[in-house]
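Here is the file work31.cif (mmCIF, C-alpha atoms and all ligand atoms).
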```
data_upload
loop_
_atom_site.label_atom_id
_atom_site.label_comp_id
_atom_site.auth_asym_id
_atom_site.auth_seq_id
_atom_site.Cartn_x
_atom_site.Cartn_y
_atom_site.Cartn_z
CA MET J 1 0.00 0.00 0.00
CA GLU J 2 1.26 3.41 -0.93
CA VAL J 3 0.32 6.17 1.55
CA VAL J 4 0.73 9.72 0.26
CA LEU J 5 0.60 12.41 2.96
CA LEU J 6 0.24 15.94 1.59
CA PRO J 7 -0.20 19.41 3.08
CA THR J 8 -3.63 20.34 1.69
CA PRO J 9 -6.82 18.87 0.20
CA GLU J 10 -5.93 20.57 -3.10
CA ASP J 11 -2.62 18.70 -3.19
CA CYS J 12 -4.54 15.48 -2.51
CA ALA J 13 -6.91 16.21 -5.40
CA ARG J 14 -4.04 16.49 -7.86
CA VAL J 15 -2.47 13.20 -6.74
CA VAL J 16 -5.83 11.39 -6.82
CA ALA J 17 -6.47 12.76 -10.32
CA ASP J 18 -2.99 11.57 -11.39
CA ALA J 19 -3.67 8.09 -10.02
CA VAL J 20 -7.12 7.82 -11.61
CA ALA J 21 -6.10 9.24 -14.98
CA GLY J 22 -3.01 7.00 -15.05
CA SER J 23 -4.95 3.82 -14.36
CA VAL J 24 -7.70 4.76 -16.82
CA ALA J 25 -5.17 5.51 -19.57
CA ALA J 26 -3.39 2.20 -19.01
CA ALA J 27 -6.71 0.32 -19.09
CA GLN J 28 -7.89 2.12 -22.24
CA GLU J 29 -5.14 0.37 -24.17
CA GLY J 30 -6.99 -2.89 -23.54
CA GLY J 31 -10.51 -1.79 -24.56
CA PRO J 32 -13.57 -0.60 -22.60
CA VAL J 33 -12.85 0.67 -19.09
CA ALA J 34 -14.99 0.44 -15.95
CA LEU J 35 -14.23 3.39 -13.66
CA GLY J 36 -15.42 3.06 -10.05
CA LEU J 37 -16.61 6.28 -8.45
CA ALA J 38 -17.51 7.16 -4.86
CA THR J 39 -19.94 9.90 -3.93
CA GLY J 40 -19.59 12.14 -0.87
CA SER J 41 -17.38 15.14 -0.17
CA SER J 42 -13.94 13.51 -0.15
CA PRO J 43 -13.38 13.04 -3.90
CA LEU J 44 -15.03 16.30 -5.03
CA LEU J 45 -11.85 18.31 -5.51
CA ALA J 46 -10.29 15.41 -7.40
CA TYR J 47 -13.37 15.21 -9.64
CA ARG J 48 -13.03 18.94 -10.36
CA GLU J 49 -9.38 18.38 -11.22
CA LEU J 50 -10.28 15.51 -13.57
CA LEU J 51 -12.91 17.70 -15.24
CA ALA J 52 -10.37 20.49 -15.74
CA ARG J 53 -7.96 18.01 -17.31
CA HIS J 54 -10.73 16.61 -19.50
CA ARG J 55 -11.60 20.10 -20.76
CA ALA J 56 -7.91 20.64 -21.53
CA GLY J 57 -7.80 17.35 -23.45
CA ALA J 58 -5.54 15.74 -20.87
CA PHE J 59 -8.06 13.18 -19.55
CA PRO J 60 -9.71 11.45 -22.52
CA THR J 61 -12.64 9.26 -21.59
CA GLU J 62 -13.23 7.23 -24.76
CA GLY J 63 -14.52 3.79 -23.85
CA VAL J 64 -14.97 4.66 -20.16
CA THR J 65 -18.15 3.85 -18.20
CA ALA J 66 -18.62 4.78 -14.55
CA TYR J 67 -19.93 2.44 -11.86
CA LEU J 68 -21.08 3.57 -8.43
CA LEU J 69 -20.18 2.02 -5.12
CA ASP J 70 -23.58 2.39 -3.56
CA GLU J 71 -27.06 3.89 -3.63
CA TYR J 72 -29.79 4.78 -1.17
CA VAL J 73 -32.82 2.49 -1.06
CA GLY J 74 -36.23 4.10 -1.37
CA LEU J 75 -35.48 7.44 -3.00
CA PRO J 76 -37.51 7.81 -6.16
CA ALA J 77 -35.50 7.39 -9.40
CA GLY J 78 -34.18 10.82 -10.38
CA HIS J 79 -34.17 12.18 -6.80
CA PRO J 80 -31.46 14.87 -6.72
CA GLU J 81 -29.74 13.28 -3.70
CA SER J 82 -29.70 9.79 -5.17
CA TYR J 83 -26.09 8.84 -5.70
CA LEU J 84 -26.66 8.30 -9.42
CA GLN J 85 -27.97 11.84 -9.91
CA THR J 86 -25.22 13.20 -7.68
CA ILE J 87 -22.40 11.54 -9.58
CA ARG J 88 -23.88 12.60 -12.92
CA ARG J 89 -24.05 16.20 -11.72
CA GLU J 90 -20.61 16.17 -10.18
CA ILE J 91 -18.58 14.48 -12.86
CA THR J 92 -19.89 11.98 -15.39
CA ASP J 93 -22.24 14.22 -17.42
CA GLU J 94 -19.44 16.62 -18.13
CA LEU J 95 -16.99 13.81 -18.83
CA GLY J 96 -19.49 12.59 -21.40
CA ILE J 97 -19.65 9.07 -19.96
CA ALA J 98 -22.51 6.89 -18.77
CA ALA J 99 -22.89 6.12 -15.07
CA HIS J 100 -24.52 3.03 -13.58
CA GLY J 101 -25.41 2.19 -10.02
CA PRO J 102 -27.62 -0.14 -8.04
CA ASP J 103 -31.34 0.57 -8.58
CA GLY J 104 -32.32 1.85 -5.15
CA SER J 105 -35.85 2.62 -6.33
CA ALA J 106 -36.55 -1.01 -7.32
CA ALA J 107 -39.56 -2.73 -5.77
CA ASP J 108 -37.24 -5.57 -4.78
CA PRO J 109 -33.95 -4.10 -3.50
CA LEU J 110 -32.50 -7.55 -2.72
CA ARG J 111 -32.93 -8.50 -6.38
CA ALA J 112 -31.54 -5.10 -7.46
CA ALA J 113 -28.38 -5.76 -5.42
CA LEU J 114 -27.86 -9.12 -7.10
CA ASP J 115 -28.51 -7.55 -10.50
CA TYR J 116 -25.90 -4.86 -9.87
CA GLU J 117 -23.32 -7.42 -8.78
CA ALA J 118 -23.97 -9.29 -12.05
CA ARG J 119 -23.67 -6.07 -14.09
CA LEU J 120 -20.36 -5.27 -12.40
CA ARG J 121 -19.07 -8.75 -13.06
CA ALA J 122 -19.99 -8.46 -16.74
CA ALA J 123 -18.37 -5.02 -17.11
CA GLY J 124 -15.41 -5.53 -14.82
CA PRO J 125 -12.94 -5.73 -13.45
CA VAL J 126 -13.11 -2.09 -12.42
CA ALA J 127 -9.82 -0.53 -13.55
CA VAL J 128 -9.61 1.98 -10.73
CA GLN J 129 -11.97 2.52 -7.81
CA VAL J 130 -12.13 5.89 -6.06
CA LEU J 131 -12.97 5.52 -2.36
CA GLY J 132 -13.72 7.74 0.61
CA ILE J 133 -13.86 6.46 4.16
CA GLY J 134 -16.47 7.06 6.83
CA ALA J 135 -15.46 8.47 10.21
CA ASN J 136 -16.39 5.03 11.58
CA GLY J 137 -14.18 3.28 9.02
CA HIS J 138 -16.90 2.33 6.56
CA LEU J 139 -16.00 1.73 2.93
CA GLY J 140 -18.80 2.07 0.44
CA PHE J 141 -21.70 1.60 2.85
CA ASN J 142 -20.12 -1.40 4.50
CA GLU J 143 -20.55 -0.32 8.07
CA PRO J 144 -18.44 -1.78 10.92
CA GLY J 145 -19.19 -5.48 11.28
CA SER J 146 -19.45 -6.06 7.52
CA SER J 147 -17.85 -9.24 6.27
CA LEU J 148 -14.52 -8.61 4.57
CA VAL J 149 -15.62 -10.94 1.75
CA SER J 150 -19.14 -9.53 1.36
CA ARG J 151 -20.78 -9.03 -2.03
CA THR J 152 -23.25 -6.38 -3.21
CA ARG J 153 -26.25 -6.40 -0.91
CA VAL J 154 -28.72 -4.33 1.11
CA LYS J 155 -27.36 -2.83 4.32
CA THR J 156 -28.77 -0.71 7.14
CA LEU J 157 -27.01 2.59 7.77
CA THR J 158 -25.80 3.35 11.27
CA GLU J 159 -27.29 6.38 12.99
CA ARG J 160 -23.87 8.00 12.83
CA THR J 161 -23.73 7.73 9.04
CA ARG J 162 -27.31 8.98 8.71
CA THR J 163 -26.40 11.95 10.90
CA ASP J 164 -23.21 12.57 8.88
CA ASN J 165 -25.24 12.51 5.63
CA ALA J 166 -28.11 14.69 6.88
CA ARG J 167 -26.18 17.66 5.45
CA PHE J 168 -27.27 16.51 1.99
CA PHE J 169 -30.94 16.50 3.10
CA ASP J 170 -31.20 20.04 4.51
CA GLY J 171 -29.91 18.79 7.86
CA ASP J 172 -32.97 16.55 8.32
CA VAL J 173 -31.73 13.18 9.55
CA GLU J 174 -35.24 11.72 9.19
CA ALA J 175 -35.04 12.35 5.44
CA VAL J 176 -31.91 10.20 5.11
CA PRO J 177 -32.88 6.70 3.96
CA ARG J 178 -32.23 3.88 6.45
CA HIS J 179 -31.15 1.34 3.87
CA VAL J 180 -28.69 1.29 1.01
CA ILE J 181 -27.42 -1.09 -1.63
CA THR J 182 -23.66 -1.23 -1.49
CA GLN J 183 -20.93 -3.12 -3.24
CA GLY J 184 -19.53 -5.57 -0.71
CA LEU J 185 -15.96 -5.43 0.55
CA GLY J 186 -15.17 -8.52 -1.52
CA THR J 187 -16.68 -6.81 -4.58
CA ILE J 188 -14.69 -3.62 -4.02
CA ARG J 189 -11.50 -5.63 -3.67
CA GLU J 190 -11.87 -6.92 -7.20
CA ALA J 191 -11.02 -3.52 -8.67
CA ARG J 192 -7.48 -3.50 -10.06
CA HIS J 193 -6.46 -0.29 -8.28
CA LEU J 194 -8.03 1.24 -5.16
CA VAL J 195 -7.51 4.97 -4.58
CA LEU J 196 -8.74 6.22 -1.20
CA VAL J 197 -8.82 9.91 -0.42
CA ALA J 198 -9.44 11.36 3.04
CA THR J 199 -9.08 14.91 4.26
CA GLY J 200 -9.77 16.62 7.58
CA GLY J 201 -9.23 15.64 11.20
CA ALA J 202 -12.59 13.85 11.49
CA LYS J 203 -11.12 11.05 9.34
CA ALA J 204 -7.80 10.73 11.23
CA ALA J 205 -8.81 7.82 13.48
CA ALA J 206 -10.46 5.89 10.64
CA VAL J 207 -7.44 6.36 8.37
CA ALA J 208 -5.02 5.19 11.08
CA GLU J 209 -7.15 2.13 11.84
CA ALA J 210 -7.60 1.25 8.18
CA VAL J 211 -3.93 1.61 7.30
CA GLU J 212 -2.16 0.54 10.49
CA GLY J 213 -4.75 -1.22 12.63
CA PRO J 214 -5.52 -4.93 12.69
CA LEU J 215 -7.42 -6.44 9.76
CA SER J 216 -10.90 -6.47 11.23
CA ALA J 217 -14.55 -6.21 10.29
CA SER J 218 -14.78 -3.54 13.01
CA CYS J 219 -12.90 -1.28 10.61
CA PRO J 220 -14.10 -2.16 7.08
CA GLY J 221 -11.39 0.14 5.67
CA SER J 222 -8.75 -2.28 6.95
CA VAL J 223 -9.69 -4.53 4.01
CA LEU J 224 -7.39 -2.28 1.95
CA GLN J 225 -4.51 -4.14 3.57
CA LEU J 226 -5.46 -7.27 1.59
CA HIS J 227 -5.27 -5.58 -1.81
CA PRO J 228 -2.13 -5.61 -3.94
CA HIS J 229 -2.52 -2.11 -5.43
CA VAL J 230 -3.78 0.61 -3.10
CA THR J 231 -3.03 4.33 -3.07
CA VAL J 232 -4.14 6.17 0.08
CA VAL J 233 -4.02 9.95 -0.28
CA VAL J 234 -4.46 12.02 2.88
CA ASP J 235 -3.91 15.60 3.93
CA GLU J 236 -2.03 16.42 7.11
CA ALA J 237 -5.17 16.46 9.26
CA ALA J 238 -6.48 13.09 8.05
CA GLY J 239 -2.99 11.60 8.32
CA SER J 240 -2.27 13.05 11.74
CA ARG J 241 -2.72 9.74 13.59
CA LEU J 242 -0.54 7.68 11.29
CA THR J 243 2.72 6.68 12.96
C1 LIG J 301 -19.89 7.11 -0.95
C2 LIG J 301 -19.43 6.10 -0.01
C3 LIG J 301 -19.00 6.42 1.37
C4 LIG J 301 -18.22 7.72 1.49
C5 LIG J 301 -17.90 7.99 2.96
C6 LIG J 301 -17.15 9.30 3.13
O1 LIG J 301 -20.21 6.52 -2.19
O2 LIG J 301 -19.43 4.99 -0.37
O3 LIG J 301 -18.21 5.37 1.85
O4 LIG J 301 -17.06 7.64 0.73
O5 LIG J 301 -19.07 8.03 3.68
O6 LIG J 301 -18.02 10.34 2.83
P1 LIG J 301 -17.48 11.81 2.69
O7 LIG J 301 -16.50 11.79 1.58
O8 LIG J 301 -18.70 12.64 2.35
O9 LIG J 301 -16.87 12.17 3.99
#
```
Let me see the file written as C-alpha cells.
Amino acid sequence: MEVVLLPTPEDCARVVADAVAGSVAAAQEGGPVALGLATGSSPLLAYRELLARHRAGAFPTEGVTAYLLDEYVGLPAGHPESYLQTIRREITDELGIAAHGPDGSAADPLRAALDYEARLRAAGPVAVQVLGIGANGHLGFNEPGSSLVSRTRVKTLTERTRTDNARFFDGDVEAVPRHVITQGLGTIREARHLVLVATGGAKAAAVAEAVEGPLSASCPGSVLQLHPHVTVVVDEAAGSRLT
C-alpha cells in the first residue's frame, strides 16, 4: 500500500487525479474501461481536477463507463440526492460518460443488489476505484461489522452515518434513507487499483485504523490491507494519527 501524505486537500486532489487518470489511460489500451466512483465530499476536488484536465484534453474518456459504489434504497429514481444523480451532476455528465449504479428505487432491493453485482461482473474488473472512508471506518456503505468478503447487498445505515449525511438533506436526519445497496468489501477488492482519499481531522482515526490497525470487520477500511494495489491519499489532518 502506498500512503501519500500531503499538506492540503488541493494537493490530494491532484495526486488522486494523477492516479485515476493514469490507471484509466493504461486500461484504455486494452478496450472498454470500468471506472469506479464514490460519492460524498472527499473526492469532489479530485473530480473537479479531472474535469479540468478533461476540458484541456488531458483526460480522454473514450470507452470509459462509470460504476457507483452504492445507492440509497427508497429514494424515487431521479431524486437529486440519489447517488446516481449526484455523480452525474458532479462528474460523469461533463466527462461525457454513462454512469450506472444499483437501482435503489426497485420494488425488490435484494434483487436489485444481485442484479448490480452481475452487471459489475460483466463489465469488470473495475480498472480503478475511487474511495472515501467514513469516520467510523466504513467503505462504500459497508458499516463496521461487515464481512470482509461480502458481495453487493442491502445494508442498514448506522445512525452516525445517517447523521453525517443529513447535510445533503437540509440537515434533516429523518429524510436520510435507512437502507442502502452497497458493493460488498469482496466486490470492491476486485477492482485493479483502489484509490482512497481522506481529508480533515474527522477522518484521522479511521485512516489510522484502516492503514495501520488490525485487519478487522470492526474497521471495514482495513480490508485495503489485503489488496495488492492501493493508493491512500491524505492531507495532514487526516494523516495526523498515522505513525
Ligand atoms: C460514498 C461512499 C462512502 C463515502 C464515505 C465518506 O459513495 O461509499 O463510503 O465515501 O461516507 O463520505 P465523505 O466523503 O462525504 O466524507
* Counting only C-alpha atoms and all ligand atoms, name the residues that have an atom within 7 Å of an atom of ligand LIG 301 (chain J); the answer should be given as number ranges by chain. => J: 38-43, 68-70, 131-134, 138-141
* Asked: Which neighbours of Pro125 of chain J fall inside 8 Å, counting all atoms listed in the file, when residues of the same chain fewer than 6 positions from it are skipped, and could you give them as an MDAnalysis selection string?
  -> chainID J and resid 34 190:192
* For Arg88 of chain J: contacts at 12 Å, all atoms listed in the file, fewer than 2 positions along chain excluded, given as an NGL selection string -> :J and (37-39 or 47 or 65-68 or 78-86 or 90-101)
I need the chosen residues saved as a CSV table (one decimal), in the frame of the given file, with C-alpha atoms.
```csv
chain,number,residue,atom,x,y,z
J,37,LEU,CA,-16.6,6.3,-8.4
J,38,ALA,CA,-17.5,7.2,-4.9
J,39,THR,CA,-19.9,9.9,-3.9
J,47,TYR,CA,-13.4,15.2,-9.6
J,65,THR,CA,-18.2,3.8,-18.2
J,66,ALA,CA,-18.6,4.8,-14.6
J,67,TYR,CA,-19.9,2.4,-11.9
J,68,LEU,CA,-21.1,3.6,-8.4
J,78,GLY,CA,-34.2,10.8,-10.4
J,79,HIS,CA,-34.2,12.2,-6.8
J,80,PRO,CA,-31.5,14.9,-6.7
J,81,GLU,CA,-29.7,13.3,-3.7
J,82,SER,CA,-29.7,9.8,-5.2
J,83,TYR,CA,-26.1,8.8,-5.7
J,84,LEU,CA,-26.7,8.3,-9.4
J,85,GLN,CA,-28.0,11.8,-9.9
J,86,THR,CA,-25.2,13.2,-7.7
J,90,GLU,CA,-20.6,16.2,-10.2
J,91,ILE,CA,-18.6,14.5,-12.9
J,92,THR,CA,-19.9,12.0,-15.4
J,93,ASP,CA,-22.2,14.2,-17.4
J,94,GLU,CA,-19.4,16.6,-18.1
J,95,LEU,CA,-17.0,13.8,-18.8
J,96,GLY,CA,-19.5,12.6,-21.4
J,97,ILE,CA,-19.6,9.1,-20.0
J,98,ALA,CA,-22.5,6.9,-18.8
J,99,ALA,CA,-22.9,6.1,-15.1
J,100,HIS,CA,-24.5,3.0,-13.6
J,101,GLY,CA,-25.4,2.2,-10.0
```
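With all atoms listed in the file as the atoms that count, the residue of J:Arg119, J:His193, J:Lys203, J:Arg111 with the shortest distance to Val154 of chain J is J:Arg111.
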* Find the residue from J:Ala77, J:Leu51, J:Arg89, J:Val180 that sits nearest to Leu110 of chain J; use all atoms listed in the file when measuring. => J:Val180
